[in-house]
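Student: Coordinates in coords21.txt, compact mmCIF, C-alpha atoms, are listed below.
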```
# COMPACT_ATOMS: atom_id res chain seq x y z
CA MET A 25 0.00 0.00 0.00
CA SER A 26 1.30 3.47 -0.90
CA ASN A 27 1.35 6.36 1.56
CA PRO A 28 -1.99 7.27 3.10
CA ILE A 29 -3.74 10.59 2.46
CA ASP A 30 -3.57 12.82 5.53
CA PHE A 31 -6.97 14.48 5.64
CA TYR A 32 -7.33 17.51 7.94
CA PHE A 33 -10.76 18.93 8.67
CA ASP A 34 -12.74 21.15 11.01
CA PHE A 35 -16.27 19.95 11.79
CA SER A 36 -17.62 23.46 11.15
CA SER A 37 -16.32 23.54 7.55
CA PRO A 38 -18.89 22.87 4.80
CA TYR A 39 -16.13 22.26 2.26
CA GLY A 40 -14.59 19.87 4.78
CA TYR A 41 -17.92 18.07 4.91
CA PHE A 42 -18.12 17.80 1.11
CA ALA A 43 -14.57 16.45 1.02
CA ALA A 44 -15.33 14.00 3.85
CA VAL A 45 -18.23 12.63 1.80
CA GLU A 46 -15.97 12.07 -1.24
CA ILE A 47 -12.47 11.30 0.04
CA ASP A 48 -12.86 7.55 0.76
CA LYS A 49 -14.03 6.78 -2.75
CA LEU A 50 -11.21 8.78 -4.32
CA ALA A 51 -8.62 7.17 -2.04
CA ALA A 52 -9.92 3.64 -2.63
CA GLN A 53 -9.86 4.09 -6.41
CA HIS A 54 -6.13 4.69 -6.15
CA GLY A 55 -5.26 2.18 -3.43
CA ARG A 56 -4.74 4.69 -0.64
CA ASP A 57 -5.86 4.82 2.96
CA VAL A 58 -7.13 7.99 4.62
CA ASN A 59 -5.76 9.29 7.93
CA TRP A 60 -8.46 11.49 9.42
CA HIS A 61 -7.23 14.47 11.46
CA PRO A 62 -9.87 16.51 13.28
CA ILE A 63 -8.47 19.99 13.97
CA LEU A 64 -9.65 23.38 15.19
CA LEU A 65 -9.28 26.17 12.66
CA GLY A 66 -9.74 28.87 15.32
CA PRO A 67 -6.21 28.73 16.78
CA ILE A 68 -4.70 28.30 13.29
CA PHE A 69 -6.55 31.34 11.91
CA LYS A 70 -5.50 33.32 14.98
CA ALA A 71 -1.85 32.42 14.52
CA LEU A 72 -1.93 33.46 10.85
CA GLY A 73 -4.07 36.57 11.35
CA THR A 74 -6.74 35.19 9.00
CA ASN A 75 -10.46 34.76 9.53
CA SER A 76 -13.29 32.47 8.57
CA LEU A 77 -14.58 33.24 5.06
CA VAL A 78 -18.10 33.67 6.31
CA ASN A 79 -17.11 36.43 8.73
CA ILE A 80 -15.81 38.69 5.96
CA PRO A 81 -18.32 41.17 4.49
CA VAL A 82 -19.49 40.43 0.91
CA LYS A 83 -17.13 37.43 0.70
CA GLY A 84 -19.17 35.83 3.48
CA GLU A 85 -22.45 36.20 1.59
CA TYR A 86 -20.87 34.85 -1.57
CA SER A 87 -19.45 31.89 0.34
CA ARG A 88 -22.78 30.88 1.79
CA HIS A 89 -24.21 30.83 -1.73
CA ASP A 90 -21.16 29.00 -3.04
CA MET A 91 -21.52 26.30 -0.39
CA GLU A 92 -25.09 25.54 -1.48
CA ARG A 93 -24.17 25.66 -5.15
CA THR A 94 -21.10 23.46 -4.69
CA ALA A 95 -23.21 20.87 -2.88
CA ARG A 96 -25.75 20.84 -5.74
CA PHE A 97 -23.00 20.67 -8.34
CA HIS A 98 -21.55 17.55 -6.69
CA ASN A 99 -24.92 16.01 -5.79
CA ILE A 100 -24.15 16.13 -2.09
CA PHE A 101 -27.05 16.61 0.27
CA TYR A 102 -26.51 19.83 2.25
CA LYS A 103 -28.66 22.05 4.38
CA ALA A 104 -27.09 25.24 5.74
CA PRO A 105 -27.17 24.96 9.57
CA SER A 106 -29.01 27.59 11.64
CA HIS A 107 -25.95 28.03 13.87
CA PHE A 108 -22.85 28.59 11.80
CA PRO A 109 -19.95 28.61 12.29
CA ILE A 110 -19.82 26.77 15.62
CA GLY A 111 -17.13 25.68 18.06
CA THR A 112 -16.11 22.13 17.26
CA GLN A 113 -13.94 21.20 20.22
CA VAL A 114 -16.40 18.63 21.53
CA ALA A 115 -16.87 16.85 18.20
CA ALA A 116 -13.11 16.88 17.52
CA ARG A 117 -12.24 15.58 21.01
CA ALA A 118 -14.85 12.85 20.76
CA THR A 119 -13.34 11.81 17.43
CA LEU A 120 -9.81 11.68 18.86
CA TRP A 121 -10.99 9.52 21.76
CA VAL A 122 -12.89 7.10 19.54
CA GLN A 123 -9.92 6.90 17.15
CA GLN A 124 -7.83 5.72 20.12
CA THR A 125 -10.28 3.47 21.94
CA GLN A 126 -12.50 2.07 19.15
CA PRO A 127 -10.74 2.88 15.88
CA ALA A 128 -13.16 0.74 13.84
CA LYS A 129 -15.94 3.20 14.67
CA ALA A 130 -14.06 6.44 14.14
CA VAL A 131 -14.76 7.12 10.46
CA GLU A 132 -18.44 6.35 10.91
CA LEU A 133 -18.54 8.77 13.85
CA ILE A 134 -16.89 11.52 11.81
CA LYS A 135 -19.31 11.10 8.93
CA THR A 136 -22.33 10.89 11.20
CA LEU A 137 -21.33 14.05 13.07
CA TYR A 138 -20.74 15.92 9.81
CA SER A 139 -24.01 14.77 8.36
CA ALA A 140 -25.92 15.58 11.55
CA TYR A 141 -24.63 19.14 11.35
CA PHE A 142 -24.84 19.76 7.61
CA THR A 143 -27.95 17.82 6.66
CA GLU A 144 -30.07 17.66 9.83
CA ASP A 145 -29.19 21.00 11.43
CA ILE A 146 -28.12 19.32 14.67
CA ASP A 147 -25.80 21.63 16.59
CA ILE A 148 -22.74 19.46 17.27
CA SER A 149 -21.19 22.10 19.51
CA VAL A 150 -23.67 20.84 22.12
CA VAL A 151 -22.18 18.04 24.24
CA ASP A 152 -25.48 16.17 24.59
CA ASN A 153 -25.92 16.01 20.83
CA VAL A 154 -22.45 14.56 20.34
CA LEU A 155 -23.00 12.03 23.12
CA ARG A 156 -26.32 10.93 21.65
CA ILE A 157 -24.90 10.55 18.14
CA ALA A 158 -21.99 8.52 19.51
CA ALA A 159 -24.29 6.35 21.63
CA ASP A 160 -26.40 5.60 18.55
CA LEU A 161 -23.25 4.11 17.00
CA GLY A 162 -22.72 1.87 20.03
CA ILE A 163 -20.13 4.06 21.74
CA ASP A 164 -20.36 4.10 25.53
CA ARG A 165 -21.97 7.40 26.45
CA ASN A 166 -20.67 7.60 30.00
CA ALA A 167 -17.13 6.69 29.08
CA LEU A 168 -17.13 9.29 26.30
CA GLN A 169 -18.61 11.93 28.59
CA ALA A 170 -15.89 11.31 31.16
CA ALA A 171 -13.20 11.44 28.48
CA LEU A 172 -14.53 14.76 27.13
CA GLU A 173 -13.99 16.31 30.55
CA SER A 174 -10.44 15.07 30.92
CA PRO A 175 -7.60 17.57 30.56
CA GLU A 176 -5.58 14.91 28.71
CA LEU A 177 -8.00 14.84 25.77
CA LYS A 178 -8.11 18.65 25.62
CA ASP A 179 -4.32 18.67 25.53
CA GLN A 180 -4.30 16.10 22.78
CA LEU A 181 -6.52 18.21 20.53
CA ARG A 182 -4.42 21.26 21.25
CA GLN A 183 -1.31 19.31 20.31
CA SER A 184 -2.74 17.76 17.17
CA THR A 185 -3.99 21.15 15.98
CA GLU A 186 -0.52 22.56 16.62
CA ALA A 187 1.06 19.68 14.73
CA ALA A 188 -1.27 20.33 11.82
CA GLY A 189 -0.28 24.00 11.81
CA GLN A 190 3.39 22.99 11.80
CA ALA A 191 2.70 20.68 8.85
CA GLY A 192 1.43 23.74 6.96
CA VAL A 193 -2.31 23.24 7.39
CA PHE A 194 -4.22 26.55 7.32
CA GLY A 195 -7.73 25.62 6.18
CA SER A 196 -10.29 22.86 5.83
CA PRO A 197 -10.27 20.51 4.08
CA PHE A 198 -6.53 20.15 3.73
CA MET A 199 -4.95 17.05 2.25
CA ILE A 200 -1.29 16.04 2.37
CA VAL A 201 -0.02 13.04 0.42
CA ASP A 202 3.41 12.15 -0.94
CA GLY A 203 4.63 15.54 0.29
CA GLU A 204 2.06 17.50 -1.74
CA GLN A 205 -0.41 19.81 0.00
CA PHE A 206 -3.91 20.46 -1.30
CA TRP A 207 -6.19 23.07 0.24
CA GLY A 208 -9.90 22.93 -0.46
CA PHE A 209 -12.48 20.59 -1.90
CA ASP A 210 -11.92 22.35 -5.24
CA ARG A 211 -8.43 20.84 -5.39
CA PHE A 212 -9.79 17.27 -5.59
CA PRO A 213 -9.17 17.17 -9.37
CA GLN A 214 -5.51 17.99 -8.77
CA LEU A 215 -5.30 15.52 -5.87
CA GLU A 216 -6.79 12.90 -8.16
CA ALA A 217 -4.19 13.67 -10.82
CA LEU A 218 -1.43 13.11 -8.27
CA LEU A 219 -2.94 9.81 -7.14
CA LYS A 220 -3.42 8.67 -10.73
CA ASN A 221 -0.11 9.75 -12.23
CA GLY A 222 2.18 9.65 -9.20
CA LYS A 223 3.09 13.28 -9.79
CA ILE A 224 1.49 16.63 -10.51
CA MET B 14 -27.21 36.16 -28.18
CA SER B 15 -27.67 35.50 -24.47
CA ASN B 16 -26.24 37.75 -21.76
CA PRO B 17 -22.49 38.26 -21.85
CA ILE B 18 -20.15 37.04 -19.14
CA ASP B 19 -18.83 39.92 -17.06
CA PHE B 20 -15.22 39.02 -16.40
CA TYR B 21 -13.41 41.00 -13.67
CA PHE B 22 -9.66 40.67 -13.28
CA ASP B 23 -6.58 42.28 -11.79
CA PHE B 24 -3.45 42.11 -13.94
CA SER B 25 -1.42 40.96 -10.92
CA SER B 26 -3.57 37.87 -10.35
CA PRO B 27 -2.16 34.54 -11.63
CA TYR B 28 -5.58 32.89 -11.36
CA GLY B 29 -6.96 35.86 -13.32
CA TYR B 30 -4.34 35.14 -15.99
CA PHE B 31 -5.29 31.45 -16.16
CA ALA B 32 -8.95 32.41 -16.46
CA ALA B 33 -8.15 35.03 -19.12
CA VAL B 34 -6.43 32.32 -21.16
CA GLU B 35 -9.49 30.04 -20.98
CA ILE B 36 -12.58 32.26 -20.80
CA ASP B 37 -13.06 33.03 -24.53
CA LYS B 38 -13.16 29.36 -25.48
CA LEU B 39 -15.64 28.54 -22.72
CA ALA B 40 -17.84 31.52 -23.61
CA ALA B 41 -17.78 30.76 -27.35
CA GLN B 42 -18.76 27.13 -26.77
CA HIS B 43 -21.95 28.38 -25.16
CA GLY B 44 -22.69 31.33 -27.43
CA ARG B 45 -21.71 34.05 -24.98
CA ASP B 46 -19.64 37.19 -25.29
CA VAL B 47 -17.14 38.29 -22.65
CA ASN B 48 -17.13 41.79 -21.14
CA TRP B 49 -13.61 42.36 -19.83
CA HIS B 50 -13.36 44.54 -16.69
CA PRO B 51 -9.87 45.47 -15.52
CA ILE B 52 -10.01 46.36 -11.82
CA LEU B 53 -7.65 47.05 -8.94
CA LEU B 54 -7.92 44.59 -6.07
CA GLY B 55 -6.03 46.87 -3.68
CA PRO B 56 -8.91 49.28 -2.90
CA ILE B 57 -11.38 46.37 -2.77
CA PHE B 58 -9.22 44.39 -0.32
CA LYS B 59 -8.80 47.55 1.77
CA ALA B 60 -12.55 48.15 1.93
CA LEU B 61 -13.19 44.55 3.03
CA GLY B 62 -10.23 44.29 5.40
CA THR B 63 -8.80 41.37 3.44
CA ASN B 64 -5.35 40.86 1.99
CA SER B 65 -3.64 39.27 -0.97
CA LEU B 66 -3.21 35.51 -0.47
CA VAL B 67 0.51 35.72 -1.08
CA ASN B 68 1.01 38.21 1.75
CA ILE B 69 -0.33 35.80 4.39
CA PRO B 70 2.26 33.60 6.12
CA VAL B 71 2.15 29.87 5.22
CA LYS B 72 -0.91 30.43 2.98
CA GLY B 73 1.28 32.63 0.78
CA GLU B 74 3.90 29.91 0.30
CA TYR B 75 1.21 27.36 -0.44
CA SER B 76 -0.41 29.71 -2.97
CA ARG B 77 2.80 30.24 -4.90
CA HIS B 78 3.12 26.47 -5.22
CA ASP B 79 -0.56 26.12 -6.09
CA MET B 80 -0.23 28.70 -8.88
CA GLU B 81 2.55 26.71 -10.56
CA ARG B 82 0.71 23.42 -10.06
CA THR B 83 -2.59 24.81 -11.34
CA ALA B 84 -0.86 26.07 -14.49
CA ARG B 85 0.69 22.63 -15.10
CA PHE B 86 -2.62 20.89 -14.42
CA HIS B 87 -4.36 23.01 -17.07
CA ASN B 88 -1.43 23.02 -19.51
CA ILE B 89 -1.09 26.78 -19.30
CA PHE B 90 2.37 28.24 -19.73
CA TYR B 91 3.30 30.14 -16.56
CA LYS B 92 6.50 31.50 -15.10
CA ALA B 93 6.29 33.09 -11.65
CA PRO B 94 7.34 36.75 -12.07
CA SER B 95 10.33 38.11 -10.13
CA HIS B 96 8.25 41.08 -8.92
CA PHE B 97 4.99 39.92 -7.46
CA PRO B 98 2.46 41.18 -6.66
CA ILE B 99 2.76 44.50 -8.52
CA GLY B 100 0.67 47.64 -8.88
CA THR B 101 -1.46 47.30 -11.99
CA GLN B 102 -2.91 50.80 -12.38
CA VAL B 103 -0.99 51.50 -15.58
CA ALA B 104 -1.98 48.23 -17.30
CA ALA B 105 -5.61 48.63 -16.20
CA ARG B 106 -5.80 52.27 -17.33
CA ALA B 107 -4.21 51.44 -20.68
CA THR B 108 -6.82 48.71 -21.13
CA LEU B 109 -9.71 51.06 -20.33
CA TRP B 110 -8.42 53.62 -22.83
CA VAL B 111 -7.95 51.08 -25.61
CA GLN B 112 -11.40 49.60 -24.89
CA GLN B 113 -12.84 53.08 -25.54
CA THR B 114 -10.70 54.24 -28.42
CA GLN B 115 -9.83 51.02 -30.31
CA PRO B 116 -12.12 48.33 -28.94
CA ALA B 117 -11.06 45.82 -31.58
CA LYS B 118 -7.57 45.73 -30.03
CA ALA B 119 -8.56 45.59 -26.37
CA VAL B 120 -8.74 41.83 -25.80
CA GLU B 121 -5.44 41.29 -27.57
CA LEU B 122 -3.86 43.98 -25.39
CA ILE B 123 -5.20 42.33 -22.21
CA LYS B 124 -3.88 38.92 -23.20
CA THR B 125 -0.53 40.30 -24.31
CA LEU B 126 -0.05 42.22 -21.06
CA TYR B 127 -0.99 39.16 -18.98
CA SER B 128 1.29 36.93 -20.95
CA ALA B 129 4.17 39.43 -20.80
CA TYR B 130 3.90 39.43 -17.02
CA PHE B 131 3.25 35.75 -16.35
CA THR B 132 5.30 34.07 -19.05
CA GLU B 133 8.08 36.53 -19.89
CA ASP B 134 8.64 38.18 -16.50
CA ILE B 135 8.08 41.66 -17.92
CA ASP B 136 7.11 44.04 -15.13
CA ILE B 137 3.89 45.62 -16.39
CA SER B 138 3.80 48.08 -13.50
CA VAL B 139 6.47 49.96 -15.49
CA VAL B 140 4.91 52.54 -17.84
CA ASP B 141 7.51 52.06 -20.55
CA ASN B 142 6.85 48.32 -20.71
CA VAL B 143 3.12 48.87 -21.11
CA LEU B 144 3.69 51.50 -23.80
CA ARG B 145 6.04 49.22 -25.72
CA ILE B 146 3.64 46.25 -25.57
CA ALA B 147 0.78 48.47 -26.76
CA ALA B 148 2.89 49.98 -29.55
CA ASP B 149 3.78 46.47 -30.76
CA LEU B 150 0.04 45.92 -31.26
CA GLY B 151 -0.24 49.08 -33.37
CA ILE B 152 -1.54 51.33 -30.62
CA ASP B 153 -0.25 54.90 -30.76
CA ARG B 154 2.38 55.20 -28.07
CA ASN B 155 2.23 58.97 -27.64
CA ALA B 156 -1.56 59.08 -27.49
CA LEU B 157 -1.60 56.29 -24.90
CA GLN B 158 1.13 57.96 -22.87
CA ALA B 159 -0.84 61.21 -22.80
CA ALA B 160 -4.02 59.36 -21.83
CA LEU B 161 -2.24 57.55 -18.96
CA GLU B 162 -1.37 60.91 -17.45
CA SER B 163 -4.88 62.31 -17.66
CA PRO B 164 -6.91 62.63 -14.47
CA GLU B 165 -10.01 61.52 -16.40
CA LEU B 166 -8.60 58.05 -17.04
CA LYS B 167 -7.49 57.72 -13.41
CA ASP B 168 -10.99 58.65 -12.33
CA GLN B 169 -12.49 56.12 -14.69
CA LEU B 170 -10.48 53.27 -13.20
CA ARG B 171 -11.38 54.40 -9.71
CA GLN B 172 -15.03 54.44 -10.69
CA SER B 173 -15.02 51.11 -12.48
CA THR B 174 -13.26 49.47 -9.53
CA GLU B 175 -15.90 50.98 -7.24
CA ALA B 176 -18.66 49.74 -9.50
CA ALA B 177 -17.14 46.25 -9.43
CA GLY B 178 -17.06 46.36 -5.63
CA GLN B 179 -20.70 47.41 -5.60
CA ALA B 180 -21.52 44.49 -7.90
CA GLY B 181 -20.04 42.18 -5.24
CA VAL B 182 -16.62 41.60 -6.76
CA PHE B 183 -13.95 40.85 -4.11
CA GLY B 184 -11.29 38.83 -5.94
CA SER B 185 -9.79 37.91 -9.29
CA PRO B 186 -10.94 36.35 -11.48
CA PHE B 187 -14.59 37.06 -10.77
CA MET B 188 -17.30 36.20 -13.27
CA ILE B 189 -20.92 37.37 -13.23
CA VAL B 190 -23.45 35.99 -15.68
CA ASP B 191 -27.23 35.68 -15.55
CA GLY B 192 -27.09 37.04 -11.99
CA GLU B 193 -24.74 34.29 -10.76
CA GLN B 194 -21.34 35.18 -9.28
CA PHE B 195 -18.30 32.93 -9.58
CA TRP B 196 -15.06 33.66 -7.77
CA GLY B 197 -11.88 31.98 -8.91
CA PHE B 198 -10.54 29.98 -11.82
CA ASP B 199 -11.49 26.86 -9.87
CA ARG B 200 -15.17 27.73 -10.33
CA PHE B 201 -14.95 27.33 -14.12
CA PRO B 202 -16.60 23.88 -13.93
CA GLN B 203 -19.59 25.43 -12.15
CA LEU B 204 -19.65 28.39 -14.56
CA GLU B 205 -19.62 25.89 -17.40
CA ALA B 206 -22.54 24.01 -15.85
CA LEU B 207 -24.54 27.25 -15.72
CA LEU B 208 -23.74 28.07 -19.35
CA LYS B 209 -24.61 24.53 -20.43
CA ASN B 210 -27.79 23.97 -18.44
CA GLY B 211 -29.07 27.51 -18.00
CA LYS B 212 -29.07 27.03 -14.24
CA ILE B 213 -26.87 25.73 -11.47
```
Spell out the structure here as structure tokens.
Tutor:
Amino acid sequence: MSNPIDFYFDFSSPYGYFAAVEIDKLAAQHGRDVNWHPILLGPIFKALGTNSLVNIPVKGEYSRHDMERTARFHNIFYKAPSHFPIGTQVAARATLWVQQTQPAKAVELIKTLYSAYFTEDIDISVVDNVLRIAADLGIDRNALQAALESPELKDQLRQSTEAAGQAGVFGSPFMIVDGEQFWGFDRFPQLEALLKNGKI
Amino acid sequence: MSNPIDFYFDFSSPYGYFAAVEIDKLAAQHGRDVNWHPILLGPIFKALGTNSLVNIPVKGEYSRHDMERTARFHNIFYKAPSHFPIGTQVAARATLWVQQTQPAKAVELIKTLYSAYFTEDIDISVVDNVLRIAADLGIDRNALQAALESPELKDQLRQSTEAAGQAGVFGSPFMIVDGEQFWGFDRFPQLEALLKNGKI
């Protein structure tokens, strides 16, 4: 098996959601695995002095329209959430914990959280919502709840977000494979060319 | 003939250059004309509190790589200029003047200026370079030079940049057609879908 695709995402990123829907198929077609890295864009934006697209006048309005249009264009079901953007610490920490304790369930959890937020308008910044979604997948609610309150897990997310920033990640989705970096769902055609041809 | 495509661009924008290379073919395939609008991103960025991609740490480095990769991916000849980004008032004003006085030469001038900057490393912020390029296309050098110094032409560029901002333009390239806005060369597939299907 060739190198995996490192896939960095923030749970509040619609383009991250679109990419999360599509990445497994693209990777499988080219014999690659996907390493899923939940991160928080907040600290990364702060370090770079940038901001979320949607918080910029004019550009923000355009982006909201572009998100809906991009979903239609790719036949991905998408419903703009009432609360957006949101803090995604809880969802990201839950993912990290499940990746470590029940790795077989981690990708399903990621996709279910994303889809809850971007198709069912479930606010995944709310701890109870994350716990319920996890429990529905057979993850122990009490154990997860305890983990979410532990300083160790908070530290881990801080560290993995820092590591992502050091790897050059500054947005979501962000893919790194064979030393090449790709920012944005709209770079999937170029990512695909790399996977297909071994270079780009 | 259906509505034309309003095509907004800054001469310092590599993605604007890529789009300028491709837009005529795309438009012609779908029976559309292109209205070329040279603008200055500087005042627009200032009004929105945004910045050029390449001036942001980390993101800037990525972008420079992405520009080269995007050119390769689309088989567009591109050589990163030594001076980048540059002020593009002179090139934009020259374009406005030629659009008004010799419209038949305007598109050729735009493409020649873009290609001088992004394939031959000719600094088109330098008046003499713009005058020489225009003269090579049969445009009267002295008349253009006089026009470039006139306050009227400066005002016109200020006004057309303002009008672009009021139309929602915040980057380059930026296309507006049938009331739909598309930002970026990477939205050409969606622009094409609109032109093909009449909706998106």
Student: Find the residues with any atom within 8 Å of (-26.3, 23.8, 6.7); use all atoms listed in the file and the coordinates as given in the file, and write the answer as a ChimeraX atom specification.
Tutor: /A:38,102-106,108,141-145
Student: Any chance you could export the current selection's C-alpha atoms as a PDB file, in the frame of the given file?
Tutor:
```
ATOM      1  CA  PRO A  38     -18.890  22.870   4.800  1.00  0.00           C
ATOM      2  CA  TYR A 102     -26.510  19.830   2.250  1.00  0.00           C
ATOM      3  CA  LYS A 103     -28.660  22.050   4.380  1.00  0.00           C
ATOM      4  CA  ALA A 104     -27.090  25.240   5.740  1.00  0.00           C
ATOM      5  CA  PRO A 105     -27.170  24.960   9.570  1.00  0.00           C
ATOM      6  CA  SER A 106     -29.010  27.590  11.640  1.00  0.00           C
ATOM      7  CA  PHE A 108     -22.850  28.590  11.800  1.00  0.00           C
ATOM      8  CA  TYR A 141     -24.630  19.140  11.350  1.00  0.00           C
ATOM      9  CA  PHE A 142     -24.840  19.760   7.610  1.00  0.00           C
ATOM     10  CA  THR A 143     -27.950  17.820   6.660  1.00  0.00           C
ATOM     11  CA  GLU A 144     -30.070  17.660   9.830  1.00  0.00           C
ATOM     12  CA  ASP A 145     -29.190  21.000  11.430  1.00  0.00           C
TER      13      ASP A 145
END
```
Student: Show me, as a list in words, every residue of chain B with an atom at most 8 Å from chain A, counting all atoms listed in the file.
Tutor: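 Output check: Leu61, Gly62, Thr63, Ile69, Pro70, Val71, Lys72, Tyr75, Arg82, Thr83, Arg85, Phe86, Gly181, Phe183, Gln194, Asp199, Gln203 and Ile213 of chain B.
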Student: Residues at most 9 Å from Ala118 of chain A, counting all atoms listed in the file, excluding those fewer than 2 positions away in the same chain, as a PyMOL selection string?
Tutor: chain A and resi 113-116+120-123+133+154-155+158+168-169+171-172+177
Student: Store the residues of this selection in a file with C-alpha atoms, as a PDB file, keeping the file's coordinate frame.
Tutor:
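Wrote it out as result.pdb, contents follow:
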```pdb
ATOM      1  CA  GLN A 113     -13.940  21.200  20.220  1.00  0.00           C
ATOM      2  CA  VAL A 114     -16.400  18.630  21.530  1.00  0.00           C
ATOM      3  CA  ALA A 115     -16.870  16.850  18.200  1.00  0.00           C
ATOM      4  CA  ALA A 116     -13.110  16.880  17.520  1.00  0.00           C
ATOM      5  CA  LEU A 120      -9.810  11.680  18.860  1.00  0.00           C
ATOM      6  CA  TRP A 121     -10.990   9.520  21.760  1.00  0.00           C
ATOM      7  CA  VAL A 122     -12.890   7.100  19.540  1.00  0.00           C
ATOM      8  CA  GLN A 123      -9.920   6.900  17.150  1.00  0.00           C
ATOM      9  CA  LEU A 133     -18.540   8.770  13.850  1.00  0.00           C
ATOM     10  CA  VAL A 154     -22.450  14.560  20.340  1.00  0.00           C
ATOM     11  CA  LEU A 155     -23.000  12.030  23.120  1.00  0.00           C
ATOM     12  CA  ALA A 158     -21.990   8.520  19.510  1.00  0.00           C
ATOM     13  CA  LEU A 168     -17.130   9.290  26.300  1.00  0.00           C
ATOM     14  CA  GLN A 169     -18.610  11.930  28.590  1.00  0.00           C
ATOM     15  CA  ALA A 171     -13.200  11.440  28.480  1.00  0.00           C
ATOM     16  CA  LEU A 172     -14.530  14.760  27.130  1.00  0.00           C
ATOM     17  CA  LEU A 177      -8.000  14.840  25.770  1.00  0.00           C
TER      18      LEU A 177
END
```
Student: Any idea what the distance is between atom CA of Ile148 of chain A and atom CA of Pro28 of chain A?
Tutor: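 Atom CA of Pro28 of chain A lies at a distance of 27.9 Å from atom CA of Ile148 of chain A.
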Student: Given all atoms listed in the file as the basis, pick out the residue of A:Ala51, A:Leu137, A:Leu161, A:Val45 nearest to Glu216 of chain A.
Tutor: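 Ranking A:Ala51, A:Leu137, A:Leu161, A:Val45 by distance to Glu216 of chain A, first place goes to A:Ala51.
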Student: N, CA, C and O atoms are needed for segment 46-58 of chain B; please write them out as a PDB file, in the coordinates of the input.
Tutor:
```pdb
ATOM      1  N   ASP B  46     -20.745  36.251 -25.180  1.00  0.00           N
ATOM      2  CA  ASP B  46     -19.640  37.190 -25.290  1.00  0.00           C
ATOM      3  C   ASP B  46     -19.017  37.390 -23.905  1.00  0.00           C
ATOM      4  O   ASP B  46     -19.621  37.030 -22.887  1.00  0.00           O
ATOM      5  N   VAL B  47     -17.815  37.967 -23.907  1.00  0.00           N
ATOM      6  CA  VAL B  47     -17.140  38.290 -22.650  1.00  0.00           C
ATOM      7  C   VAL B  47     -16.965  39.803 -22.557  1.00  0.00           C
ATOM      8  O   VAL B  47     -16.462  40.425 -23.486  1.00  0.00           O
ATOM      9  N   ASN B  48     -17.431  40.386 -21.455  1.00  0.00           N
ATOM     10  CA  ASN B  48     -17.130  41.790 -21.140  1.00  0.00           C
ATOM     11  C   ASN B  48     -15.946  41.812 -20.180  1.00  0.00           C
ATOM     12  O   ASN B  48     -16.060  41.338 -19.041  1.00  0.00           O
ATOM     13  N   TRP B  49     -14.840  42.356 -20.635  1.00  0.00           N
ATOM     14  CA  TRP B  49     -13.610  42.360 -19.830  1.00  0.00           C
ATOM     15  C   TRP B  49     -13.561  43.606 -18.943  1.00  0.00           C
ATOM     16  O   TRP B  49     -13.635  44.724 -19.452  1.00  0.00           O
ATOM     17  N   HIS B  50     -13.405  43.412 -17.644  1.00  0.00           N
ATOM     18  CA  HIS B  50     -13.360  44.540 -16.690  1.00  0.00           C
ATOM     19  C   HIS B  50     -12.050  44.547 -15.916  1.00  0.00           C
ATOM     20  O   HIS B  50     -11.914  43.816 -14.927  1.00  0.00           O
ATOM     21  N   PRO B  51     -11.083  45.356 -16.337  1.00  0.00           N
ATOM     22  CA  PRO B  51      -9.870  45.470 -15.520  1.00  0.00           C
ATOM     23  C   PRO B  51     -10.182  46.227 -14.237  1.00  0.00           C
ATOM     24  O   PRO B  51     -10.826  47.275 -14.281  1.00  0.00           O
ATOM     25  N   ILE B  52      -9.768  45.682 -13.106  1.00  0.00           N
ATOM     26  CA  ILE B  52     -10.010  46.360 -11.820  1.00  0.00           C
ATOM     27  C   ILE B  52      -8.738  46.314 -10.979  1.00  0.00           C
ATOM     28  O   ILE B  52      -7.791  45.589 -11.304  1.00  0.00           O
ATOM     29  N   LEU B  53      -8.752  47.082  -9.904  1.00  0.00           N
ATOM     30  CA  LEU B  53      -7.650  47.050  -8.940  1.00  0.00           C
ATOM     31  C   LEU B  53      -8.135  46.373  -7.667  1.00  0.00           C
ATOM     32  O   LEU B  53      -9.093  46.832  -7.039  1.00  0.00           O
ATOM     33  N   LEU B  54      -7.480  45.277  -7.286  1.00  0.00           N
ATOM     34  CA  LEU B  54      -7.920  44.590  -6.070  1.00  0.00           C
ATOM     35  C   LEU B  54      -7.558  45.366  -4.801  1.00  0.00           C
ATOM     36  O   LEU B  54      -8.232  45.241  -3.779  1.00  0.00           O
ATOM     37  N   GLY B  55      -6.497  46.163  -4.870  1.00  0.00           N
ATOM     38  CA  GLY B  55      -6.030  46.870  -3.680  1.00  0.00           C
ATOM     39  C   GLY B  55      -7.151  47.599  -2.932  1.00  0.00           C
ATOM     40  O   GLY B  55      -7.396  47.325  -1.762  1.00  0.00           O
ATOM     41  N   PRO B  56      -7.846  48.544  -3.592  1.00  0.00           N
ATOM     42  CA  PRO B  56      -8.910  49.280  -2.900  1.00  0.00           C
ATOM     43  C   PRO B  56     -10.039  48.362  -2.416  1.00  0.00           C
ATOM     44  O   PRO B  56     -10.640  48.617  -1.369  1.00  0.00           O
ATOM     45  N   ILE B  57     -10.310  47.300  -3.173  1.00  0.00           N
ATOM     46  CA  ILE B  57     -11.380  46.370  -2.770  1.00  0.00           C
ATOM     47  C   ILE B  57     -10.966  45.592  -1.522  1.00  0.00           C
ATOM     48  O   ILE B  57     -11.728  45.464  -0.559  1.00  0.00           O
ATOM     49  N   PHE B  58      -9.731  45.092  -1.504  1.00  0.00           N
ATOM     50  CA  PHE B  58      -9.220  44.390  -0.320  1.00  0.00           C
ATOM     51  C   PHE B  58      -9.256  45.332   0.892  1.00  0.00           C
ATOM     52  O   PHE B  58      -9.611  44.935   1.996  1.00  0.00           O
TER      53      PHE B  58
END
```
